[in-house]
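**Q** data-v3.csv is reproduced in full below (CSV, C-alpha atoms and all ligand atoms).
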chain,number,residue,atom,x,y,z
A,1,MET,CA,11.2,-9.2,40.5
A,2,SER,CA,14.0,-6.6,41.1
A,3,VAL,CA,14.5,-3.7,38.7
A,4,GLU,CA,17.8,-5.2,37.8
A,5,ASN,CA,16.4,-8.6,36.7
A,6,LYS,CA,13.5,-6.9,34.9
A,7,VAL,CA,15.9,-4.6,33.0
A,8,LYS,CA,18.2,-7.5,32.2
A,9,GLY,CA,15.2,-9.5,30.9
A,10,ILE,CA,14.2,-6.7,28.6
A,11,ILE,CA,17.7,-6.1,27.3
A,12,ALA,CA,18.2,-9.9,26.6
A,13,ASP,CA,14.9,-10.0,24.9
A,14,GLN,CA,15.3,-6.8,22.8
A,15,LEU,CA,18.9,-7.4,21.8
A,16,GLU,CA,18.8,-11.1,21.6
A,17,VAL,CA,21.6,-11.9,24.0
A,18,GLY,CA,21.7,-14.6,26.7
A,19,ILE,CA,20.6,-13.1,30.0
A,20,ASP,CA,23.5,-14.8,31.7
A,21,LYS,CA,25.9,-12.8,29.6
A,22,LEU,CA,24.7,-9.5,31.2
A,23,THR,CA,26.3,-8.0,34.2
A,24,LEU,CA,26.0,-4.4,35.5
A,25,ASP,CA,29.3,-3.6,33.8
A,26,THR,CA,28.3,-5.0,30.4
A,27,THR,CA,28.5,-2.1,27.9
A,28,PHE,CA,26.1,-1.9,24.9
A,29,GLU,CA,29.2,-2.0,22.7
A,30,ASP,CA,30.1,-5.4,24.2
A,31,ILE,CA,26.8,-6.8,23.0
A,32,ASP,CA,27.1,-5.1,19.5
A,33,ALA,CA,24.1,-2.8,20.0
A,34,ASP,CA,23.8,-0.1,17.4
A,35,SER,CA,22.0,3.2,17.8
A,36,LEU,CA,18.7,1.9,16.5
A,37,ASP,CA,19.0,-1.1,19.0
A,38,ILE,CA,19.3,1.4,21.8
A,39,VAL,CA,16.2,3.3,20.6
A,40,GLU,CA,14.2,0.1,20.4
A,41,LEU,CA,15.4,-0.8,23.9
A,42,VAL,CA,14.4,2.6,25.2
A,43,MET,CA,10.9,2.2,23.6
A,44,ALA,CA,10.5,-1.1,25.4
A,45,LEU,CA,11.7,0.4,28.8
A,46,GLU,CA,9.4,3.3,28.4
A,47,GLU,CA,6.5,1.0,27.9
A,48,GLU,CA,7.4,-1.5,30.7
A,49,PHE,CA,8.1,1.2,33.3
A,50,ASP,CA,5.6,3.8,32.0
A,51,LEU,CA,8.1,6.7,31.7
A,52,GLU,CA,9.7,8.9,29.1
A,53,ILE,CA,13.4,8.9,28.6
A,54,SER,CA,14.9,12.0,27.0
A,55,ASP,CA,17.5,12.0,24.2
A,56,GLN,CA,20.0,13.5,26.7
A,57,GLU,CA,19.4,10.7,29.1
A,58,ILE,CA,19.8,8.1,26.3
A,59,GLU,CA,23.3,9.5,25.6
A,60,ASN,CA,24.3,8.8,29.2
A,61,ILE,CA,23.4,5.2,28.9
A,62,LYS,CA,26.6,3.1,28.3
A,63,THR,CA,26.2,0.0,30.4
A,64,VAL,CA,23.5,-2.3,31.8
A,65,GLY,CA,24.2,-0.8,35.2
A,66,ASP,CA,23.4,2.7,33.8
A,67,VAL,CA,20.0,1.6,32.8
A,68,VAL,CA,19.3,-0.1,36.1
A,69,ARG,CA,20.4,2.9,38.1
A,70,TYR,CA,18.4,5.2,35.9
A,71,ILE,CA,15.2,3.2,36.2
A,72,GLU,CA,15.6,2.8,39.9
A,73,SER,CA,15.9,6.6,40.3
A,74,LYS,CA,12.6,7.0,38.4
A,75,VAL,CA,10.3,4.3,39.8
B,1,MET,CA,-2.7,-14.1,-2.0
B,2,GLU,CA,0.6,-12.3,-1.7
B,3,LEU,CA,-0.5,-9.7,1.0
B,4,LYS,CA,-2.8,-12.0,3.0
B,5,GLY,CA,-2.5,-11.1,6.7
B,6,LYS,CA,-0.7,-7.8,6.1
B,7,THR,CA,-2.2,-4.5,7.0
B,8,ALA,CA,-1.6,-1.4,4.8
B,9,ILE,CA,-2.3,2.3,5.7
B,10,ILE,CA,-2.9,4.5,2.6
B,11,THR,CA,-3.2,8.2,3.2
B,12,GLY,CA,-5.4,10.2,0.9
B,13,ALA,CA,-7.2,7.0,-0.3
B,14,SER,CA,-10.6,8.5,-0.9
B,15,ARG,CA,-9.7,9.5,-4.5
B,16,GLY,CA,-7.2,9.3,-7.3
B,17,ILE,CA,-4.0,7.4,-6.9
B,18,GLY,CA,-4.6,6.6,-3.2
B,19,ARG,CA,-7.9,5.0,-4.1
B,20,ALA,CA,-6.5,2.9,-6.9
B,21,THR,CA,-3.7,1.8,-4.6
B,22,ALA,CA,-6.1,0.8,-1.8
B,23,LEU,CA,-8.1,-1.2,-4.3
B,24,ALA,CA,-4.9,-2.9,-5.6
B,25,LEU,CA,-3.5,-3.8,-2.2
B,26,ALA,CA,-6.9,-5.1,-1.0
B,27,LYS,CA,-7.2,-7.2,-4.1
B,28,ALA,CA,-3.8,-8.8,-3.2
B,29,GLY,CA,-5.2,-9.7,0.2
B,30,ALA,CA,-4.1,-6.9,2.4
B,31,ASN,CA,-6.4,-5.3,5.1
B,32,VAL,CA,-6.4,-1.7,4.3
B,33,VAL,CA,-6.9,1.5,6.2
B,34,ILE,CA,-8.4,4.1,3.9
B,35,ASN,CA,-7.4,7.6,5.2
B,36,TYR,CA,-9.2,10.8,4.0
B,37,THR,CA,-9.5,14.3,5.4
B,38,SER,CA,-12.8,15.6,4.1
B,39,ASN,CA,-14.4,13.3,1.6
B,40,GLU,CA,-16.1,10.7,3.9
B,41,LEU,CA,-18.5,9.6,1.2
B,42,LYS,CA,-15.8,8.8,-1.3
B,43,ALA,CA,-13.7,7.0,1.3
B,44,ALA,CA,-16.8,5.0,2.3
B,45,ALA,CA,-17.4,4.1,-1.4
B,46,VAL,CA,-13.8,2.7,-1.6
B,47,LYS,CA,-14.4,0.6,1.4
B,48,GLU,CA,-17.6,-0.7,0.0
B,49,GLN,CA,-16.0,-1.6,-3.3
B,50,ILE,CA,-13.3,-3.5,-1.4
B,51,GLU,CA,-15.8,-5.4,0.7
B,52,ASN,CA,-17.9,-6.3,-2.3
B,53,ASP,CA,-14.8,-7.9,-3.7
B,54,GLY,CA,-14.3,-9.9,-0.5
B,55,GLY,CA,-11.6,-7.8,1.0
B,56,SER,CA,-11.5,-5.9,4.4
B,57,ALA,CA,-11.1,-2.2,4.9
B,58,VAL,CA,-11.8,0.6,7.4
B,59,ILE,CA,-12.0,4.3,6.7
B,60,PHE,CA,-10.3,6.8,9.0
B,61,LYS,CA,-10.4,10.6,9.0
B,62,ALA,CA,-7.1,12.2,9.8
B,63,ASP,CA,-5.4,15.3,8.6
B,64,VAL,CA,-1.8,14.3,7.9
B,65,THR,CA,-0.5,17.8,8.8
B,66,GLU,CA,-1.4,17.0,12.4
B,67,TYR,CA,0.9,14.6,14.2
B,68,LYS,CA,-1.7,13.5,16.8
B,69,GLN,CA,-4.1,12.6,14.1
B,70,CYS,CA,-1.5,10.5,12.3
B,71,GLU,CA,-0.9,8.6,15.6
B,72,ALA,CA,-4.6,8.0,15.8
B,73,LEU,CA,-4.5,6.7,12.2
B,74,VAL,CA,-1.8,4.2,13.0
B,75,GLN,CA,-3.7,3.2,16.2
B,76,CYS,CA,-6.8,2.5,14.0
B,77,ALA,CA,-4.8,0.0,12.0
B,78,ILE,CA,-3.7,-1.8,15.2
B,79,ASP,CA,-7.2,-1.7,16.7
B,80,HIS,CA,-8.8,-3.2,13.7
B,81,PHE,CA,-6.2,-5.5,12.2
B,82,ASN,CA,-3.7,-5.9,15.1
B,83,ARG,CA,-0.7,-4.8,13.2
B,84,VAL,CA,0.7,-2.5,10.5
B,85,ASP,CA,3.1,-3.7,7.8
B,86,ILE,CA,2.8,-1.2,4.9
B,87,LEU,CA,2.5,2.6,4.9
B,88,ILE,CA,1.7,4.4,1.7
B,89,ASN,CA,2.2,8.1,2.0
B,90,ASN,CA,0.0,9.4,-0.8
B,91,ALA,CA,-1.9,12.4,0.6
B,92,GLY,CA,-0.9,15.5,-1.3
B,93,ILE,CA,-2.1,18.8,-2.6
B,94,THR,CA,-1.0,21.5,-5.1
B,95,ARG,CA,-1.1,25.3,-4.7
B,96,ASP,CA,0.5,26.2,-8.1
B,97,ASN,CA,1.8,29.7,-8.6
B,98,LEU,CA,4.8,31.5,-9.9
B,99,LEU,CA,7.1,32.3,-7.1
B,100,ALA,CA,6.7,36.1,-7.7
B,101,ARG,CA,3.1,35.6,-6.8
B,102,MET,CA,3.2,32.7,-4.3
B,103,LYS,CA,1.7,33.6,-1.0
B,104,PRO,CA,3.3,32.3,2.3
B,105,GLU,CA,0.2,30.2,2.9
B,106,GLU,CA,0.6,28.5,-0.5
B,107,TRP,CA,4.1,27.6,0.4
B,108,ARG,CA,3.3,26.5,3.9
B,109,GLU,CA,0.2,24.4,3.1
B,110,VAL,CA,2.1,22.4,0.5
B,111,ILE,CA,5.1,21.8,2.7
B,112,ASP,CA,2.9,20.9,5.6
B,113,THR,CA,0.8,18.4,3.7
B,114,ASN,CA,3.3,16.9,1.2
B,115,LEU,CA,6.4,16.9,3.3
B,116,SER,CA,5.6,17.2,7.0
B,117,GLY,CA,2.7,14.8,6.4
B,118,VAL,CA,5.2,12.1,5.4
B,119,TYR,CA,7.3,12.7,8.5
B,120,ASN,CA,4.1,12.6,10.7
B,121,CYS,CA,2.9,9.3,9.4
B,122,CYS,CA,6.4,7.6,9.2
B,123,ARG,CA,7.1,8.8,12.8
B,124,ALA,CA,3.8,7.5,14.0
B,125,VAL,CA,4.3,4.1,12.5
B,126,MET,CA,7.9,3.6,13.8
B,127,ARG,CA,7.1,2.1,17.2
B,128,PRO,CA,4.6,-0.6,16.0
B,129,LEU,CA,6.8,-1.4,12.9
B,130,LEU,CA,9.9,-1.9,15.0
B,131,LYS,CA,8.1,-3.7,17.8
B,132,GLN,CA,6.6,-6.3,15.4
B,133,LYS,CA,10.1,-7.2,14.3
B,134,SER,CA,8.8,-8.5,11.0
B,135,GLY,CA,10.1,-5.9,8.5
B,136,GLY,CA,7.8,-3.7,6.6
B,137,ARG,CA,7.3,-1.5,3.6
B,138,ILE,CA,7.1,2.3,3.3
B,139,ILE,CA,6.2,3.8,0.0
B,140,ASN,CA,6.1,7.6,-0.5
B,141,ILE,CA,4.4,9.1,-3.5
B,142,ALA,CA,6.7,11.9,-4.7
B,143,SER,CA,6.6,13.4,-8.2
B,144,VAL,CA,8.8,13.9,-11.3
B,145,ALA,CA,8.6,17.6,-10.3
B,146,GLY,CA,10.6,16.6,-7.2
B,147,ILE,CA,13.4,15.4,-9.4
B,148,HIS,CA,13.4,17.9,-12.2
B,149,GLY,CA,11.6,20.9,-10.8
B,150,ASN,CA,8.6,22.6,-12.5
B,151,SER,CA,7.9,26.2,-13.2
B,152,GLY,CA,4.9,27.3,-11.1
B,153,GLN,CA,5.5,24.5,-8.6
B,154,ALA,CA,8.5,25.7,-6.5
B,155,ASN,CA,6.5,24.8,-3.3
B,156,TYR,CA,5.4,21.4,-4.6
B,157,ALA,CA,8.8,20.5,-6.1
B,158,ALA,CA,10.5,21.4,-2.9
B,159,ALA,CA,8.2,19.3,-0.9
B,160,LYS,CA,8.5,16.3,-3.2
B,161,GLY,CA,12.3,16.7,-3.5
B,162,GLY,CA,12.3,16.7,0.3
B,163,VAL,CA,10.3,13.5,0.3
B,164,ILE,CA,12.8,11.8,-2.0
B,165,SER,CA,15.8,12.7,0.3
B,166,PHE,CA,13.7,11.7,3.3
B,167,THR,CA,13.0,8.3,1.7
B,168,LYS,CA,16.7,7.7,1.1
B,169,SER,CA,17.7,8.6,4.7
B,170,LEU,CA,15.0,6.4,6.2
B,171,ALA,CA,15.9,3.5,3.9
B,172,LYS,CA,19.4,3.7,5.5
B,173,GLU,CA,18.0,3.9,9.0
B,174,LEU,CA,15.7,1.0,8.7
B,175,GLY,CA,17.5,-1.4,6.3
B,176,SER,CA,18.8,-3.5,9.2
B,177,ARG,CA,15.2,-4.1,10.3
B,178,ASN,CA,14.2,-5.3,6.9
B,179,VAL,CA,11.9,-2.3,6.4
B,180,THR,CA,12.3,-1.0,2.8
B,181,VAL,CA,11.5,2.6,2.0
B,182,ASN,CA,11.0,3.7,-1.6
B,183,ALA,CA,9.6,6.7,-3.4
B,184,VAL,CA,7.4,6.6,-6.5
B,185,ALA,CA,7.5,9.6,-8.9
B,186,PRO,CA,4.5,9.8,-11.1
B,187,GLY,CA,4.3,12.1,-14.1
B,188,PHE,CA,1.0,13.4,-15.3
B,189,ILE,CA,-1.8,11.2,-13.9
B,190,GLU,CA,-5.5,11.8,-14.7
B,191,THR,CA,-7.0,12.6,-11.3
B,192,GLU,CA,-8.9,15.6,-9.7
B,193,MET,CA,-5.4,17.1,-9.1
B,194,THR,CA,-4.6,17.5,-12.8
B,195,GLU,CA,-8.2,18.0,-13.9
B,196,ALA,CA,-8.0,21.7,-13.2
B,197,LEU,CA,-5.1,22.3,-15.6
B,198,SER,CA,-6.0,24.1,-18.9
B,199,GLY,CA,-6.4,22.3,-22.2
B,200,GLN,CA,-3.4,24.1,-23.6
B,201,VAL,CA,-1.1,22.9,-20.8
B,202,LYS,CA,-2.5,19.4,-21.1
B,203,GLU,CA,-1.8,19.2,-24.8
B,204,GLN,CA,1.7,20.5,-24.3
B,205,VAL,CA,2.4,17.8,-21.7
B,206,LEU,CA,0.8,15.1,-23.8
B,207,SER,CA,3.1,15.9,-26.8
B,208,ARG,CA,6.1,15.0,-24.6
B,209,ILE,CA,4.8,11.6,-23.5
B,210,ALA,CA,6.2,8.8,-25.7
B,211,LEU,CA,3.4,6.4,-24.8
B,212,GLY,CA,1.0,9.0,-26.1
B,213,ARG,CA,-1.5,9.0,-23.2
B,214,PHE,CA,-1.7,10.4,-19.7
B,215,GLY,CA,-1.2,8.0,-16.9
B,216,GLN,CA,-4.1,6.5,-15.0
B,217,PRO,CA,-4.2,6.0,-11.2
B,218,GLU,CA,-3.9,2.2,-11.8
B,219,ASP,CA,-0.6,2.7,-13.6
B,220,VAL,CA,0.8,4.1,-10.3
B,221,ALA,CA,-1.0,1.6,-8.1
B,222,ASP,CA,0.7,-1.3,-10.1
B,223,LEU,CA,4.1,0.0,-9.2
B,224,VAL,CA,3.1,0.6,-5.5
B,225,LEU,CA,1.7,-3.0,-5.3
B,226,PHE,CA,5.0,-4.4,-6.7
B,227,LEU,CA,7.0,-2.4,-4.1
B,228,ALA,CA,4.7,-3.4,-1.3
B,229,SER,CA,4.6,-7.1,-2.1
B,230,SER,CA,7.6,-8.3,-4.0
B,231,ALA,CA,10.7,-6.1,-4.4
B,232,ALA,CA,12.4,-7.4,-1.3
B,233,TYR,CA,15.8,-6.1,-2.4
B,234,ILE,CA,14.8,-2.6,-3.5
B,235,THR,CA,15.2,0.2,-1.0
B,236,GLY,CA,16.0,3.9,-1.0
B,237,GLN,CA,15.0,4.2,-4.7
B,238,VAL,CA,12.8,6.7,-6.5
B,239,ILE,CA,11.0,5.0,-9.4
B,240,VAL,CA,9.5,7.1,-12.1
B,241,VAL,CA,6.1,6.2,-13.6
B,242,ASP,CA,5.5,8.8,-16.3
B,243,GLY,CA,5.2,7.2,-19.7
B,244,SER,CA,8.6,9.0,-20.5
B,245,LEU,CA,7.4,12.5,-19.8
B,246,SER,CA,10.5,13.4,-17.9
B,247,MET,CA,13.0,11.7,-20.2
A,301,LIG,N1,-2.1,13.4,-10.4
A,301,LIG,C1,-0.8,13.6,-10.8
A,301,LIG,O1,-0.6,13.8,-11.9
A,301,LIG,C2,0.3,13.4,-9.8
A,301,LIG,C3,1.6,13.5,-10.3
A,301,LIG,C4,2.7,13.3,-9.4
A,301,LIG,C5,2.4,13.1,-8.1
A,301,LIG,N2,1.2,13.0,-7.6
A,301,LIG,C6,1.0,12.8,-6.2
A,301,LIG,O2,0.2,11.7,-6.0
A,301,LIG,C7,-0.6,11.8,-4.7
A,301,LIG,C8,-2.0,11.6,-5.0
A,301,LIG,O3,-2.5,12.6,-6.0
A,301,LIG,P1,-3.9,12.5,-6.7
A,301,LIG,O4,-3.7,13.0,-8.1
A,301,LIG,O5,-4.5,11.2,-6.5
A,301,LIG,O6,-4.7,13.6,-5.9
A,301,LIG,P2,-6.2,13.9,-5.6
A,301,LIG,O7,-7.0,13.1,-6.6
A,301,LIG,O8,-6.4,15.3,-5.5
A,301,LIG,O9,-6.4,13.2,-4.1
A,301,LIG,C9,-5.8,13.7,-3.0
A,301,LIG,C10,-6.0,12.8,-1.8
A,301,LIG,O10,-5.3,13.3,-0.7
A,301,LIG,C11,-6.1,13.5,0.4
A,301,LIG,N3,-5.7,14.6,1.2
A,301,LIG,C12,-5.4,15.9,0.8
A,301,LIG,N4,-4.9,16.6,1.9
A,301,LIG,C13,-4.9,15.8,3.0
A,301,LIG,C14,-4.6,15.9,4.3
A,301,LIG,N5,-4.1,17.0,4.8
A,301,LIG,N6,-4.7,14.8,5.1
A,301,LIG,C15,-5.1,13.6,4.6
A,301,LIG,N7,-5.5,13.4,3.3
A,301,LIG,C16,-5.4,14.5,2.5
A,301,LIG,C17,-7.5,13.8,-0.2
A,301,LIG,O11,-8.5,13.5,0.7
A,301,LIG,P3,-10.0,14.1,0.6
A,301,LIG,O12,-10.7,13.3,-0.5
A,301,LIG,O13,-10.7,13.8,1.9
A,301,LIG,O14,-9.9,15.5,0.3
A,301,LIG,C18,-7.5,12.8,-1.4
A,301,LIG,O15,-7.8,11.5,-1.0
A,301,LIG,C19,-0.2,13.2,-4.2
A,301,LIG,O16,0.8,13.1,-3.3
A,301,LIG,C20,0.3,13.9,-5.5
A,301,LIG,O17,1.2,14.9,-5.2
A,301,LIG,C21,0.1,13.2,-8.5
Once you've parsed the file, please lay out its structure as structure tokens.

**A**
Amino acid sequence: MSVENKVKGIIADQLEVGIDKLTLDTTFEDIDADSLDIVELVMALEEEFDLEISDQEIENIKTVGDVVRYIESKV
Amino acid sequence: MELKGKTAIITGASRGIGRATALALAKAGANVVINYTSNELKAAAVKEQIENDGGSAVIFKADVTEYKQCEALVQCAIDHFNRVDILINNAGITRDNLLARMKPEEWREVIDTNLSGVYNCCRAVMRPLLKQKSGGRIINIASVAGIHGNSGQANYAAAKGGVISFTKSLAKELGSRNVTVNAVAPGFIETEMTEALSGQVKEQVLSRIALGRFGQPEDVADLVLFLASSAAYITGQVIVVDGSLSM
């Protein structure tokens, strides 16, 4: 499975949104994610991809595409 | 029973209030993790009593001042019982002294154990608690000294006051995840912690308690059980259990 599909799957699962609603341009605001949602998402990503995401990096995450590009650069 | 299938971690459960709380939660059906730091025999005795009554428990040595050990404590709950639903932060110490004589280590030890210990355990339990997505209960044992202050206990009162504000903040952070966070503020409870006080001090305290007796660990455990099992709509509160001492 591509990183993009994996990431979308995790986001859909964590934030309880339909995966078909997610594009690379979808912002977390669009899907009503609050700061704790983002933290939970980051915990799930850290586990799935076995990496650590810093607070600074979290701040730069605004869209689904940001997450995909970030993970692609790390794995 | 009301806590059947739930897992509770109780820090400092080898003696006193923690012990009574572990017994009460186990009786209500919870699987309990009995934490201690030095008294293995006493912790084992609590476990044995729970098992004799048909409950299930494990003991786990961890110093709450050490974050890594708190992580291991939480992992112990997951290894044995597959989950963690309830955290009771009870471990605590006193190093009483008038400030004019209080040594830096007396200040530090109390802050490390009574305040940072609460951060350590709460932080360690966050990931499993959020991942389970099934809510949870955190109950912090503060003290009336943390509300009103107490001469000779500036270190202790500061730590307990900190625990109360911490409790309120965490309640706001976790409310949307159905995790309630409350503090319990006992008055004078008969345990090894208060045993050391002089007869004169005890008499003075007793004269201020309307109910005319010191509290027992079970009096506090009753309230903790209520907060851990029912009390679904109570969060961010500090509830006093002191027989009116601080009134
Ligand atoms: N007694 C009172 O009148 C009263 C009033 C208000 C608030 N409280 C609070 O209630 C809580 C329990 O008090 P208590 O009277 O039951 O005390 P206690 O009888 O002295 O028992 C203290 C417990 O804390 C554990 N402990 C101490 N330091 C620890 C550490 N670094 N890591 C892990 N465990 C540690 C001890 O374990 P070991 O047995 O292994 O040493 C013991 O199980 C405390 O937070 C206390 O401040 C008590």

**Q** With all atoms listed in the file counted, collect every polymer residue having an atom within 6 Å of ligand LIG 301 (chain A); state the result as a PyMOL selection string.

**A** chain B and resi 11-18+36-39+62-65+90-93+113+141-143+186-194

**Q** Each residue of range 59-125 of chain B with at least one atom at most 12 Å from range 157-168 of chain B should appear once, together with its nearest atom pair and the corresponding distance in Å (one decimal); atoms considered: all atoms listed in the file; ordering: chain, then increasing residue number; output as CSV.

**A**
residue,atom,partner,partner_atom,distance
B:Ile88,CA,B:Thr167,CA,12.0
B:Asn89,CA,B:Val163,CA,9.9
B:Asn90,CA,B:Val163,CA,11.1
B:Ala91,CA,B:Lys160,CA,11.7
B:Gly92,CA,B:Lys160,CA,9.6
B:Ile93,CA,B:Ala159,CA,10.5
B:Thr94,CA,B:Ala157,CA,9.9
B:Arg95,CA,B:Ala157,CA,11.1
B:Asp96,CA,B:Ala157,CA,10.3
B:Asn97,CA,B:Ala157,CA,11.8
B:Leu99,CA,B:Ala157,CA,12.0
B:Glu106,CA,B:Ala159,CA,11.9
B:Trp107,CA,B:Ala159,CA,9.3
B:Arg108,CA,B:Ala159,CA,9.9
B:Glu109,CA,B:Ala159,CA,10.3
B:Val110,CA,B:Ala159,CA,7.0
B:Ile111,CA,B:Ala159,CA,5.4
B:Asp112,CA,B:Ala159,CA,8.5
B:Thr113,CA,B:Ala159,CA,8.8
B:Asn114,CA,B:Ala159,CA,5.8
B:Leu115,CA,B:Ala159,CA,5.2
B:Ser116,CA,B:Ala159,CA,8.6
B:Gly117,CA,B:Val163,CA,9.8
B:Val118,CA,B:Val163,CA,7.3
B:Tyr119,CA,B:Phe166,CA,8.3
B:Cys122,CA,B:Thr167,CA,10.0
B:Arg123,CA,B:Phe166,CA,11.9

**Q** I'd like the neighbourhood of Ile61 in chain A as an NGL selection string, where a residue qualifies if any of its atoms comes within 10 Å (using all atoms listed in the file), though same-chain residues fewer than 6 positions away should be ignored.

**A** :A and (27-28 or 38 or 67-70)

**Q** I need the contact residues of chain A against chain B, so if you could list those with any atom within 10 Å, counting only C-alpha atoms, and return them as an NGL selection string, that would help.

**A** :A and (14 or 35-37 or 39-41 or 43-44)

**Q** Got a sec to check which residues sit within 12 Å of (-2.1, 17.7, -22.0), counting only C-alpha atoms, and write them as a list in words?

**A** Gly187, Phe188, Ile189, Glu190, Thr194, Glu195, Ala196, Leu197, Ser198, Gly199, Gln200, Val201, Lys202, Glu203, Gln204, Val205, Leu206, Ser207, Arg208, Ile209, Gly212, Arg213, Phe214, Gly215 and Leu245 of chain B

**Q** Quick one: distance from CA of Val220 in chain B to CA of Gln49 in chain B in Å, one decimal?

**A**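 Computed distance, CA of Val220 in chain B to CA of Gln49 in chain B, equals 19.1 Å.
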
**Q** Just to confirm, what's the straight-line distance from CA of Lys47 in chain B to CA of Ala20 in chain B in Å (one decimal)?

**A** 11.7 Å

**Q** List every protein, DNA or RNA residue that has at least one atom no more than 12 Å from (-12.9, -5.8, 2.4) in the file's coordinates, counting only C-alpha atoms, and write the result as a compact mmCIF listing (two decimals) with C-alpha atoms, in the coordinates of the input.

**A**
# COMPACT_ATOMS: atom_id res chain seq x y z
CA LYS B 4 -2.80 -12.00 3.00
CA THR B 7 -2.20 -4.50 7.00
CA ALA B 22 -6.10 0.80 -1.80
CA LEU B 23 -8.10 -1.20 -4.30
CA ALA B 24 -4.90 -2.90 -5.60
CA LEU B 25 -3.50 -3.80 -2.20
CA ALA B 26 -6.90 -5.10 -1.00
CA LYS B 27 -7.20 -7.20 -4.10
CA ALA B 28 -3.80 -8.80 -3.20
CA GLY B 29 -5.20 -9.70 0.20
CA ALA B 30 -4.10 -6.90 2.40
CA ASN B 31 -6.40 -5.30 5.10
CA VAL B 32 -6.40 -1.70 4.30
CA VAL B 33 -6.90 1.50 6.20
CA ILE B 34 -8.40 4.10 3.90
CA ALA B 44 -16.80 5.00 2.30
CA ALA B 45 -17.40 4.10 -1.40
CA VAL B 46 -13.80 2.70 -1.60
CA LYS B 47 -14.40 0.60 1.40
CA GLU B 48 -17.60 -0.70 0.00
CA GLN B 49 -16.00 -1.60 -3.30
CA ILE B 50 -13.30 -3.50 -1.40
CA GLU B 51 -15.80 -5.40 0.70
CA ASN B 52 -17.90 -6.30 -2.30
CA ASP B 53 -14.80 -7.90 -3.70
CA GLY B 54 -14.30 -9.90 -0.50
CA GLY B 55 -11.60 -7.80 1.00
CA SER B 56 -11.50 -5.90 4.40
CA ALA B 57 -11.10 -2.20 4.90
CA VAL B 58 -11.80 0.60 7.40
CA ILE B 59 -12.00 4.30 6.70
CA PHE B 81 -6.20 -5.50 12.20

**Q** Could you tell me how far CA of Asn35 in chain B sits from CA of Leu73 in chain B, in Å to one decimal place?

**A**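 Computed distance, CA of Leu73 in chain B to CA of Asn35 in chain B, equals 7.6 Å.
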
**Q** Please provide the set of residues having any atom within 12 Å of Glu48 in chain A, restricted to only C-alpha atoms, with same-chain residues fewer than 3 positions apart removed, written as a PyMOL selection string.

**A** chain A and resi 3+6-7+9-11+41-45+51-52+71+75

**Q** Using only C-alpha atoms, which residues sit within 8 Å of Glu71 in chain B once same-chain residues fewer than 5 positions away are excluded, as a ChimeraX atom specification?

**A** /B:121,124-125

**Q** Under the rule that all atoms listed in the file are counted, which of A:Val17, A:Ala33, A:Lys74, A:Leu24 is the nearest residue to Asn5 in chain A?

**A**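 Selected residue with least distance to Asn5 in chain A: A:Leu24.
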
**Q** Give the answer as one residue: which of B:Ile139, B:Ile86, B:Met247, B:Ala100 has the shortest atom-to-atom distance to Ala171 in chain B, using all atoms listed in the file?

**A** B:Ile139
